[in-house]
Amino acid sequence: MSEAMGLAGTRAESAEGTATEGVSVRNLGVRYRDRVLLEGISTEFRPRRVTAIVGPTGCGKTTLLRSINRMHDQAPGMRVTGSVSIDGADIYAPGVGVRGLRRRVGMLFQRPNPFPQSIADNISLAPRAHGLVSRREAAHLVEERLTEVGLWEAVRGRLNASPFHLSGGQQQLLCLARALALSPDVLLLDEPTSSLDPATTEHIERLITQLSERVTILIVTHNLAQAARISDDVLFLMAGRVVEAASSRTFFNDPGDERSRAYVSGRIG
Amino acid sequence: MRHTRGAIFWLLCAIALAVIVFPLIDIVVTLVRVAAPLLRPSLFATTTQAGGLGVENGILGSLLVGAGVLIVAGPIGVLAGLYIAEFASGRPRALLRFFSEVLSGVPSIVVGYVGYVVLVKALGWGYSLLAAVVALSMLILPYVVKNTEVAFESVPRSLREGAAALGLSRLTTIRRVLLPPALPLIVSGLVLAEAIATGETAPLLFTANWSDLNPQLGLTHNPFGYLTGTVYYSFNLPSKGEHQLAFAAALVTVVMILLMVIAGRLITMRARRMTANLEV
């Protein structure tokens, strides 16, 4: 509990500096060659809230998520139209550095992907590369972030060991700590618990709730129960379009669209 | 029925293993048997000068060429492979790959002859270490390039994505994220290249010629000896001692290559420290 308090404290400081307005998507379209993956997506992701992006397989959930840190940039044949703004600034505007953007927008993937470096270096690599911390501060940062995700006690004796001896759940926590080491404003979570056991899943869900005090969180999930548990808002996509954007309470109890009703009740999926 | 098939499969595997292992054992046993009278420390302290029965000049020459090839072809090959894998795209990439593949198909004696015409004669380097190193480098470059290219391309995509998502620069990504898992394959390419360079004869006949003396200072205009040359020239001489020397030099060559492979393994094991259990 005292940890959470500490988090809230640092949170307040950084929140005052930047008036976060969340993520705003305007008429976003994504095509791969001549296939339409997303079309006419317009929605707001409220700051410091957890928004679950749900929908049937292949509806464009992950594509939408990856538009928000411009992960499509490197894929040849991908074309993005429309705009995505974070704190009011268009991230697709000319002159926007993709590396600076990704420093502020962290991402966690479906399967843990720690780097082939020591556990400590996994955390400190990116902050050091971005020049955010000195070598000495890095050691402190490592402990801070590992403590935050609840991994410190388990790995404090083997910070210089390979991360690949950790369990899958621990590796995912390490990846979360790695993303948090850059103090992102936005976290993109792409089915982060789909390969994990129930206990770790619960742990990560608790962390997500805690983190939403200071970070805007977008989570793609196939698990509707999970969405209901942790999200403030829900964005429901089908076939590359928005069907419904609503608060979780509304979406799960009284959805406005017939298709949402069918999806929530399990009739489509 | 299933039992019989399984038995046949295992029999074939055993035969395949035998086909690989027995010739190697036979080679080593034969070499040791014939070379036995010469296998004493003085073998390594005697040159072939004035009919001397030793491999000193041969070993020194081979080590020099090996080191030179590592210095020349190592960086060029690794950088070219890295360029193909991580930077080039479209036509330049296809072209580089094509040239590298063609180069790997050029017979070593042709490389030797071209080395003679261009390096020894046209450039006027004479029979020399420089000419030999450049010629052998051309020969082994494709192996280094290909291994490096494959090494980087086989790094799991999830690692690249993880690095990209953190806003890491390309250079940091290559150095800290891609290189550790790629290193074992790169090193094995270099070891293979060194082994080939140590075992080659034809390009050296054309570019190093031969010397019974130990290698002299000076990169150009200095013919020198090398282990495979000791084998080649001594084998044709009509004396029992020379005949034994050929076998001794061959044995030393095989042992040197073996040591390189072991060294490569050790480097690889160290490099794997952080990548063990990495799912590829």
# chains A, B, ... in the order shown; residues from 1 in each chain; ligands from 1
>>> interface_residues(of="chain A", to="chain B", cutoff="10 Å", atoms="only C-alpha atoms", output="tab-separated table (two decimals) with all heavy atoms, in the first residue's frame")
chain	number	residue	atom	x	y	z
A	66	ARG	N	-1.52	-0.01	-32.64
A	66	ARG	CA	-0.20	0.25	-33.22
A	66	ARG	C	-0.16	1.54	-34.04
A	66	ARG	O	0.92	1.97	-34.43
A	66	ARG	CB	0.23	-0.95	-34.08
A	66	ARG	CG	0.48	-2.20	-33.23
A	66	ARG	CD	0.54	-3.45	-34.08
A	66	ARG	NE	1.70	-3.47	-34.93
A	66	ARG	CZ	2.85	-4.06	-34.62
A	66	ARG	NH1	2.96	-4.70	-33.49
A	66	ARG	NH2	3.87	-4.03	-35.43
A	69	ASN	N	1.41	4.48	-31.61
A	69	ASN	CA	2.84	4.76	-31.48
A	69	ASN	C	3.57	4.59	-32.82
A	69	ASN	O	4.77	4.41	-32.87
A	69	ASN	CB	3.50	3.91	-30.39
A	69	ASN	CG	3.45	2.42	-30.70
A	69	ASN	OD1	2.74	2.00	-31.61
A	69	ASN	ND2	4.22	1.64	-29.97
A	70	ARG	N	2.79	4.65	-33.87
A	70	ARG	CA	3.32	4.61	-35.24
A	70	ARG	C	4.17	3.38	-35.51
A	70	ARG	O	5.21	3.47	-36.18
A	70	ARG	CB	4.10	5.90	-35.54
A	70	ARG	CG	3.18	7.10	-35.59
A	70	ARG	CD	3.89	8.39	-35.89
A	70	ARG	NE	4.69	8.35	-37.11
A	70	ARG	CZ	5.29	9.42	-37.64
A	70	ARG	NH1	5.14	10.60	-37.06
A	70	ARG	NH2	5.99	9.32	-38.72
A	71	MET	N	3.74	2.24	-35.02
A	71	MET	CA	4.47	1.01	-35.29
A	71	MET	C	4.30	0.57	-36.75
A	71	MET	O	5.02	-0.29	-37.23
A	71	MET	CB	4.01	-0.11	-34.36
A	71	MET	CG	4.48	0.04	-32.95
A	71	MET	SD	6.26	-0.14	-32.76
A	71	MET	CE	6.40	-1.92	-32.52
A	74	GLN	N	7.23	1.24	-40.15
A	74	GLN	CA	8.29	0.46	-40.79
A	74	GLN	C	7.75	-0.57	-41.78
A	74	GLN	O	8.51	-1.09	-42.59
A	74	GLN	CB	9.11	-0.27	-39.72
A	74	GLN	CG	10.20	0.61	-39.14
A	74	GLN	CD	10.49	0.23	-37.71
A	74	GLN	OE1	9.64	-0.32	-37.01
A	74	GLN	NE2	11.69	0.51	-37.26
A	97	GLY	N	9.15	13.42	-34.42
A	97	GLY	CA	10.12	12.33	-34.33
A	97	GLY	C	9.47	11.10	-33.73
A	97	GLY	O	8.85	11.16	-32.68
A	98	VAL	N	9.61	9.99	-34.44
A	98	VAL	CA	8.93	8.80	-34.00
A	98	VAL	C	9.57	8.26	-32.71
A	98	VAL	O	8.90	7.68	-31.85
A	98	VAL	CB	8.93	7.77	-35.15
A	98	VAL	CG1	10.11	6.82	-35.07
A	98	VAL	CG2	7.64	6.99	-35.16
A	99	ARG	N	10.87	8.50	-32.54
A	99	ARG	CA	11.53	8.00	-31.33
A	99	ARG	C	11.08	8.78	-30.10
A	99	ARG	O	10.87	8.21	-29.04
A	99	ARG	CB	13.05	8.07	-31.50
A	99	ARG	CG	13.55	7.08	-32.54
A	99	ARG	CD	15.05	7.19	-32.73
A	99	ARG	NE	15.73	7.20	-31.46
A	99	ARG	CZ	16.90	7.77	-31.25
A	99	ARG	NH1	17.52	8.38	-32.24
A	99	ARG	NH2	17.46	7.72	-30.08
A	100	GLY	N	10.93	10.09	-30.27
A	100	GLY	CA	10.44	10.90	-29.15
A	100	GLY	C	9.02	10.50	-28.79
A	100	GLY	O	8.64	10.44	-27.62
A	101	LEU	N	8.23	10.23	-29.83
A	101	LEU	CA	6.85	9.80	-29.60
A	101	LEU	C	6.81	8.51	-28.79
A	101	LEU	O	6.07	8.38	-27.81
A	101	LEU	CB	6.15	9.59	-30.95
A	101	LEU	CG	4.80	8.85	-30.90
A	101	LEU	CD1	3.73	9.73	-30.30
A	101	LEU	CD2	4.39	8.36	-32.28
A	102	ARG	N	7.64	7.55	-29.20
A	102	ARG	CA	7.62	6.25	-28.53
A	102	ARG	C	8.21	6.31	-27.13
A	102	ARG	O	7.99	5.41	-26.33
A	102	ARG	CB	8.34	5.21	-29.39
A	102	ARG	CG	7.55	4.89	-30.65
A	102	ARG	CD	8.31	3.97	-31.54
A	102	ARG	NE	7.59	3.76	-32.80
A	102	ARG	CZ	8.16	3.32	-33.90
A	102	ARG	NH1	9.45	3.05	-33.90
A	102	ARG	NH2	7.46	3.17	-34.99
A	103	ARG	N	8.99	7.34	-26.86
A	103	ARG	CA	9.44	7.52	-25.50
A	103	ARG	C	8.25	7.83	-24.60
A	103	ARG	O	8.19	7.44	-23.45
A	103	ARG	CB	10.46	8.67	-25.40
A	103	ARG	CG	11.17	8.68	-24.05
A	103	ARG	CD	11.79	9.99	-23.72
A	103	ARG	NE	10.86	11.03	-23.33
A	103	ARG	CZ	10.03	10.99	-22.30
A	103	ARG	NH1	9.96	9.92	-21.56
A	103	ARG	NH2	9.24	12.00	-22.02
A	104	ARG	N	7.27	8.55	-25.14
A	104	ARG	CA	6.12	8.96	-24.34
A	104	ARG	C	4.98	7.95	-24.39
A	104	ARG	O	4.04	8.03	-23.61
A	104	ARG	CB	5.61	10.32	-24.84
A	104	ARG	CG	6.62	11.44	-24.62
A	104	ARG	CD	6.07	12.72	-25.18
A	104	ARG	NE	4.69	12.94	-24.76
A	104	ARG	CZ	3.78	13.55	-25.49
A	104	ARG	NH1	4.08	13.99	-26.69
A	104	ARG	NH2	2.56	13.72	-25.01
A	105	VAL	N	5.03	7.05	-25.39
A	105	VAL	CA	3.96	6.06	-25.55
A	105	VAL	C	4.56	4.66	-25.42
A	105	VAL	O	5.19	4.16	-26.34
A	105	VAL	CB	3.29	6.22	-26.92
A	105	VAL	CG1	2.13	5.24	-27.05
A	105	VAL	CG2	2.79	7.65	-27.11
A	106	GLY	N	4.41	4.05	-24.28
A	106	GLY	CA	4.98	2.73	-24.05
A	106	GLY	C	4.08	1.64	-24.60
A	106	GLY	O	2.89	1.86	-24.86
A	107	MET	N	4.67	0.46	-24.80
A	107	MET	CA	3.87	-0.63	-25.35
A	107	MET	C	4.26	-1.96	-24.72
A	107	MET	O	5.43	-2.22	-24.46
A	107	MET	CB	4.07	-0.70	-26.87
A	107	MET	CG	3.10	-1.65	-27.55
A	107	MET	SD	3.12	-1.41	-29.33
A	107	MET	CE	1.65	-2.31	-29.79
A	108	LEU	N	3.24	-2.77	-24.48
A	108	LEU	CA	3.46	-4.12	-23.95
A	108	LEU	C	2.81	-5.08	-24.93
A	108	LEU	O	1.68	-4.86	-25.36
A	108	LEU	CB	2.82	-4.22	-22.57
A	108	LEU	CG	3.32	-5.31	-21.63
A	108	LEU	CD1	4.81	-5.21	-21.41
A	108	LEU	CD2	2.59	-5.21	-20.29
A	109	PHE	N	3.55	-6.15	-25.27
A	109	PHE	CA	3.08	-7.03	-26.33
A	109	PHE	C	2.42	-8.28	-25.78
A	109	PHE	O	2.46	-8.57	-24.59
A	109	PHE	CB	4.25	-7.42	-27.22
A	109	PHE	CG	4.88	-6.25	-27.93
A	109	PHE	CD1	5.82	-5.46	-27.29
A	109	PHE	CD2	4.51	-5.92	-29.22
A	109	PHE	CE1	6.39	-4.37	-27.92
A	109	PHE	CE2	5.08	-4.83	-29.86
A	109	PHE	CZ	6.02	-4.06	-29.20
A	110	GLN	N	1.82	-9.04	-26.71
A	110	GLN	CA	1.10	-10.24	-26.32
A	110	GLN	C	2.00	-11.23	-25.60
A	110	GLN	O	1.62	-11.81	-24.61
A	110	GLN	CB	0.58	-10.90	-27.60
A	110	GLN	CG	-0.89	-11.13	-27.57
A	110	GLN	CD	-1.33	-11.78	-28.86
A	110	GLN	OE1	-1.20	-12.98	-29.04
A	110	GLN	NE2	-1.86	-10.98	-29.77
A	111	ARG	N	3.18	-11.42	-26.16
A	111	ARG	CA	4.14	-12.33	-25.51
A	111	ARG	C	5.30	-11.49	-25.00
A	111	ARG	O	5.74	-10.57	-25.67
A	111	ARG	CB	4.65	-13.37	-26.50
A	111	ARG	CG	3.54	-14.24	-27.08
A	111	ARG	CD	4.12	-15.23	-28.05
A	111	ARG	NE	5.06	-16.11	-27.37
A	111	ARG	CZ	4.68	-17.25	-26.77
A	111	ARG	NH1	3.42	-17.60	-26.78
A	111	ARG	NH2	5.56	-18.01	-26.17
A	112	PRO	N	5.77	-11.84	-23.80
A	112	PRO	CA	6.90	-11.07	-23.25
A	112	PRO	C	8.10	-11.12	-24.19
A	112	PRO	O	8.37	-12.16	-24.78
A	112	PRO	CB	7.20	-11.76	-21.92
A	112	PRO	CG	6.45	-13.05	-21.93
A	112	PRO	CD	5.33	-12.90	-22.89
A	113	ASN	N	8.77	-9.99	-24.36
A	113	ASN	CA	9.93	-9.97	-25.26
A	113	ASN	C	11.11	-9.23	-24.62
A	113	ASN	O	11.58	-8.23	-25.14
A	113	ASN	CB	9.55	-9.30	-26.59
A	113	ASN	CG	8.99	-7.90	-26.39
A	113	ASN	OD1	8.74	-7.47	-25.27
A	113	ASN	ND2	8.81	-7.17	-27.47
A	114	PRO	N	11.60	-9.77	-23.49
A	114	PRO	CA	12.77	-9.11	-22.88
A	114	PRO	C	13.96	-9.14	-23.83
A	114	PRO	O	14.05	-10.02	-24.69
A	114	PRO	CB	13.04	-9.95	-21.63
A	114	PRO	CG	12.28	-11.20	-21.78
A	114	PRO	CD	11.19	-10.97	-22.76
A	115	PHE	N	14.85	-8.15	-23.66
A	115	PHE	CA	16.03	-8.09	-24.51
A	115	PHE	C	17.08	-9.07	-24.01
A	115	PHE	O	17.13	-9.37	-22.82
A	115	PHE	CB	16.62	-6.67	-24.48
A	115	PHE	CG	15.73	-5.64	-25.09
A	115	PHE	CD1	15.70	-4.35	-24.56
A	115	PHE	CD2	14.94	-5.93	-26.17
A	115	PHE	CE1	14.88	-3.39	-25.13
A	115	PHE	CE2	14.12	-4.97	-26.74
A	115	PHE	CZ	14.09	-3.70	-26.21
A	116	PRO	N	17.94	-9.53	-24.91
A	116	PRO	CA	19.04	-10.42	-24.50
A	116	PRO	C	20.13	-9.64	-23.78
A	116	PRO	O	21.28	-9.60	-24.21
A	116	PRO	CB	19.53	-11.00	-25.83
A	116	PRO	CG	19.11	-10.01	-26.86
A	116	PRO	CD	17.88	-9.36	-26.36
A	117	GLN	N	19.76	-9.00	-22.71
A	117	GLN	CA	20.67	-8.26	-21.85
A	117	GLN	C	20.33	-8.65	-20.42
A	117	GLN	O	19.32	-9.29	-20.20
A	117	GLN	CB	20.46	-6.75	-22.02
A	117	GLN	CG	20.69	-6.22	-23.41
A	117	GLN	CD	22.16	-5.94	-23.65
A	117	GLN	OE1	22.92	-5.76	-22.71
A	117	GLN	NE2	22.55	-5.94	-24.91
A	118	SER	N	21.14	-8.22	-19.48
A	118	SER	CA	20.83	-8.56	-18.10
A	118	SER	C	19.49	-7.96	-17.69
A	118	SER	O	18.98	-7.05	-18.36
A	118	SER	CB	21.93	-8.03	-17.18
A	118	SER	OG	21.83	-6.62	-17.11
A	119	ILE	N	18.93	-8.45	-16.60
A	119	ILE	CA	17.65	-7.94	-16.11
A	119	ILE	C	17.74	-6.43	-15.88
A	119	ILE	O	16.88	-5.66	-16.31
A	119	ILE	CB	17.26	-8.68	-14.81
A	119	ILE	CG1	16.88	-10.13	-15.17
A	119	ILE	CG2	16.10	-7.99	-14.10
A	119	ILE	CD1	16.67	-11.03	-13.96
A	121	ASP	N	19.87	-4.26	-17.19
A	121	ASP	CA	20.04	-3.52	-18.46
A	121	ASP	C	18.74	-3.44	-19.24
A	121	ASP	O	18.51	-2.49	-20.00
A	121	ASP	CB	21.12	-4.17	-19.32
A	121	ASP	CG	22.52	-3.87	-18.78
A	121	ASP	OD1	22.61	-3.01	-17.89
A	121	ASP	OD2	23.49	-4.51	-19.23
A	122	ASN	N	17.88	-4.45	-19.10
A	122	ASN	CA	16.59	-4.40	-19.76
A	122	ASN	C	15.84	-3.13	-19.37
A	122	ASN	O	15.20	-2.49	-20.20
A	122	ASN	CB	15.75	-5.63	-19.41
A	122	ASN	CG	15.78	-6.67	-20.51
A	122	ASN	OD1	15.05	-6.56	-21.48
A	122	ASN	ND2	16.67	-7.64	-20.38
A	125	LEU	N	18.33	0.28	-20.27
A	125	LEU	CA	18.78	0.52	-21.65
A	125	LEU	C	18.10	1.72	-22.30
A	125	LEU	O	18.77	2.64	-22.78
A	125	LEU	CB	18.54	-0.75	-22.49
A	125	LEU	CG	18.91	-0.68	-23.97
A	125	LEU	CD1	20.38	-0.35	-24.14
A	125	LEU	CD2	18.61	-2.00	-24.67
A	126	ALA	N	16.77	1.72	-22.32
A	126	ALA	CA	16.06	2.80	-23.02
A	126	ALA	C	16.25	4.16	-22.34
A	126	ALA	O	16.57	5.14	-23.03
A	126	ALA	CB	14.58	2.44	-23.16
A	127	PRO	N	16.08	4.26	-21.02
A	127	PRO	CA	16.31	5.58	-20.39
A	127	PRO	C	17.72	6.10	-20.61
A	127	PRO	O	17.92	7.29	-20.81
A	127	PRO	CB	16.06	5.31	-18.90
A	127	PRO	CG	15.30	4.05	-18.83
A	127	PRO	CD	15.60	3.28	-20.06
A	129	ALA	N	19.62	5.31	-23.23
A	129	ALA	CA	19.74	5.66	-24.65
A	129	ALA	C	19.07	7.00	-24.94
A	129	ALA	O	19.53	7.75	-25.80
A	129	ALA	CB	19.10	4.55	-25.51
A	130	HIS	N	17.99	7.31	-24.22
A	130	HIS	CA	17.31	8.58	-24.44
A	130	HIS	C	17.95	9.70	-23.62
A	130	HIS	O	17.47	10.84	-23.65
A	130	HIS	CB	15.83	8.47	-24.06
A	130	HIS	CG	15.02	7.74	-25.09
A	130	HIS	ND1	14.59	8.33	-26.27
A	130	HIS	CD2	14.57	6.46	-25.14
A	130	HIS	CE1	13.90	7.45	-26.98
A	130	HIS	NE2	13.89	6.31	-26.32
A	160	ASN	N	22.09	-9.10	-12.70
A	160	ASN	CA	22.99	-9.21	-13.83
A	160	ASN	C	22.83	-10.51	-14.60
A	160	ASN	O	23.61	-10.81	-15.50
A	160	ASN	CB	24.44	-9.06	-13.37
A	160	ASN	CG	24.71	-7.65	-12.90
A	160	ASN	OD1	24.28	-6.68	-13.53
A	160	ASN	ND2	25.40	-7.51	-11.78
A	161	ALA	N	21.80	-11.28	-14.24
A	161	ALA	CA	21.57	-12.55	-14.92
A	161	ALA	C	20.65	-12.33	-16.13
A	161	ALA	O	20.04	-11.28	-16.29
A	161	ALA	CB	20.96	-13.55	-13.95
A	162	SER	N	20.58	-13.36	-16.94
A	162	SER	CA	19.73	-13.31	-18.12
A	162	SER	C	18.25	-13.31	-17.72
A	162	SER	O	17.85	-13.99	-16.79
A	162	SER	CB	20.01	-14.53	-19.00
A	162	SER	OG	18.91	-14.80	-19.84
A	163	PRO	N	17.42	-12.54	-18.43
A	163	PRO	CA	15.99	-12.52	-18.10
A	163	PRO	C	15.26	-13.76	-18.58
A	163	PRO	O	14.11	-13.98	-18.20
A	163	PRO	CB	15.50	-11.29	-18.87
A	163	PRO	CG	16.43	-11.16	-20.02
A	163	PRO	CD	17.77	-11.63	-19.53
A	164	PHE	N	15.94	-14.58	-19.38
A	164	PHE	CA	15.22	-15.71	-19.98
A	164	PHE	C	15.06	-16.89	-19.03
A	164	PHE	O	14.46	-17.89	-19.37
A	164	PHE	CB	15.88	-16.13	-21.29
A	164	PHE	CG	15.86	-15.02	-22.29
A	164	PHE	CD1	17.00	-14.30	-22.58
A	164	PHE	CD2	14.67	-14.66	-22.92
A	164	PHE	CE1	16.96	-13.25	-23.49
A	164	PHE	CE2	14.62	-13.63	-23.83
A	164	PHE	CZ	15.77	-12.91	-24.11
A	165	HIS	N	15.65	-16.76	-17.82
A	165	HIS	CA	15.42	-17.80	-16.84
A	165	HIS	C	14.20	-17.49	-15.97
A	165	HIS	O	13.78	-18.31	-15.17
A	165	HIS	CB	16.65	-17.98	-15.95
A	165	HIS	CG	17.86	-18.41	-16.73
A	165	HIS	ND1	17.90	-19.60	-17.40
A	165	HIS	CD2	19.04	-17.79	-16.99
A	165	HIS	CE1	19.07	-19.71	-18.02
A	165	HIS	NE2	19.77	-18.62	-17.79
A	166	LEU	N	13.64	-16.30	-16.14
A	166	LEU	CA	12.43	-15.94	-15.40
A	166	LEU	C	11.23	-16.65	-16.00
A	166	LEU	O	11.25	-17.05	-17.17
A	166	LEU	CB	12.21	-14.42	-15.47
A	166	LEU	CG	13.31	-13.52	-14.90
A	166	LEU	CD1	12.97	-12.06	-15.15
A	166	LEU	CD2	13.50	-13.78	-13.42
A	175	CYS	N	9.00	-6.60	-18.74
A	175	CYS	CA	8.73	-5.77	-19.92
A	175	CYS	C	7.88	-4.56	-19.54
A	175	CYS	O	8.06	-3.46	-20.09
A	175	CYS	CB	8.03	-6.58	-21.00
A	175	CYS	SG	9.10	-7.84	-21.71
A	178	ARG	N	10.16	-2.20	-17.90
A	178	ARG	CA	10.99	-1.62	-18.96
A	178	ARG	C	10.25	-0.46	-19.63
A	178	ARG	O	10.83	0.60	-19.89
A	178	ARG	CB	11.31	-2.71	-19.98
A	178	ARG	CG	12.21	-2.30	-21.10
A	178	ARG	CD	12.52	-3.50	-21.98
A	178	ARG	NE	11.41	-3.87	-22.83
A	178	ARG	CZ	11.40	-4.93	-23.64
A	178	ARG	NH1	12.45	-5.72	-23.70
A	178	ARG	NH2	10.35	-5.20	-24.39
A	179	ALA	N	8.96	-0.66	-19.91
A	179	ALA	CA	8.18	0.40	-20.53
A	179	ALA	C	8.01	1.57	-19.56
A	179	ALA	O	8.09	2.74	-19.96
A	179	ALA	CB	6.82	-0.14	-20.97
A	181	ALA	N	9.97	2.54	-17.32
A	181	ALA	CA	11.24	3.23	-17.03
A	181	ALA	C	11.36	4.53	-17.83
A	181	ALA	O	12.14	5.40	-17.48
A	181	ALA	CB	12.42	2.31	-17.34
A	182	LEU	N	10.59	4.66	-18.90
A	182	LEU	CA	10.62	5.90	-19.68
A	182	LEU	C	9.56	6.89	-19.22
A	182	LEU	O	9.35	7.92	-19.86
A	182	LEU	CB	10.43	5.58	-21.18
A	182	LEU	CG	11.61	4.88	-21.86
A	182	LEU	CD1	11.24	4.44	-23.28
A	182	LEU	CD2	12.82	5.79	-21.91
A	184	PRO	N	6.19	6.88	-19.40
A	184	PRO	CA	5.32	7.23	-20.52
A	184	PRO	C	4.03	7.92	-20.06
A	184	PRO	O	3.61	7.74	-18.92
A	184	PRO	CB	5.00	5.87	-21.15
A	184	PRO	CG	5.11	4.90	-20.02
A	184	PRO	CD	6.19	5.44	-19.12
A	188	LEU	N	0.24	1.37	-24.21
A	188	LEU	CA	-0.53	0.55	-25.12
A	188	LEU	C	-0.31	-0.91	-24.75
A	188	LEU	O	0.82	-1.39	-24.76
A	188	LEU	CB	-0.09	0.79	-26.57
A	188	LEU	CG	-0.02	2.25	-27.02
A	188	LEU	CD1	0.58	2.35	-28.41
A	188	LEU	CD2	-1.40	2.89	-26.98
>>> select_by_dssp(residues="stretch 89-232 of chain A", states="alpha helix (DSSP H)", output="PyMOL selection string")
chain A and resi 98-104+119-129+135-148+152-155+168-180+198-211+224-230
>>> residues_around(residues="stretch 211-225 of chain B", least_positions_apart="5", cutoff="7 Å", atoms="only C-alpha atoms", output="list of chain:residue names")
B:Thr47, B:Thr48, B:Gln49, B:Asn57, B:Gly58, B:Leu60, B:Gly61, B:Trp125, B:Gly126, B:Tyr127, B:Ser128, B:Leu129, B:Leu130
>>> atom_distance(atom1="atom CA of A:Ile219", atom2="atom CA of A:Val23")
13.2 Å
>>> atom_distance(atom1="atom CA of B:Thr201", atom2="atom CA of B:Ile59")
13.7 Å
>>> select_by_dssp(residues="stretch 49-253 of chain A", states="strand (DSSP E or B)", output="count of residues only")
43
>>> residues_around(residues="A:Thr201", least_positions_apart="6", cutoff="12 Å", atoms="only C-alpha atoms", output="list of chain:residue names")
A:Gly168, A:Gly169, A:Gln170, A:Gln172, A:Leu173, A:Glu191, A:Pro192, A:Thr193, A:Ser194, A:Ser195, A:Leu207, A:Ile208, A:Asn223, A:Gln226, A:Arg229, A:Ile230
>>> atom_distance(atom1="atom CA of B:Thr30", atom2="atom CA of B:Gln244")
11.0 Å
>>> closest_residue(among="B:Ala67, B:Val55, B:Ala94, B:Val78", to="B:Ser188", atoms="only C-alpha atoms")
B:Val78
>>> residues_around(residues="stretch 228-236 of chain B", least_positions_apart="5", cutoff="12 Å", atoms="only C-alpha atoms", output="number ranges by chain")
B: 31, 35, 47-49, 51-63, 196-213, 223, 241-254, 256
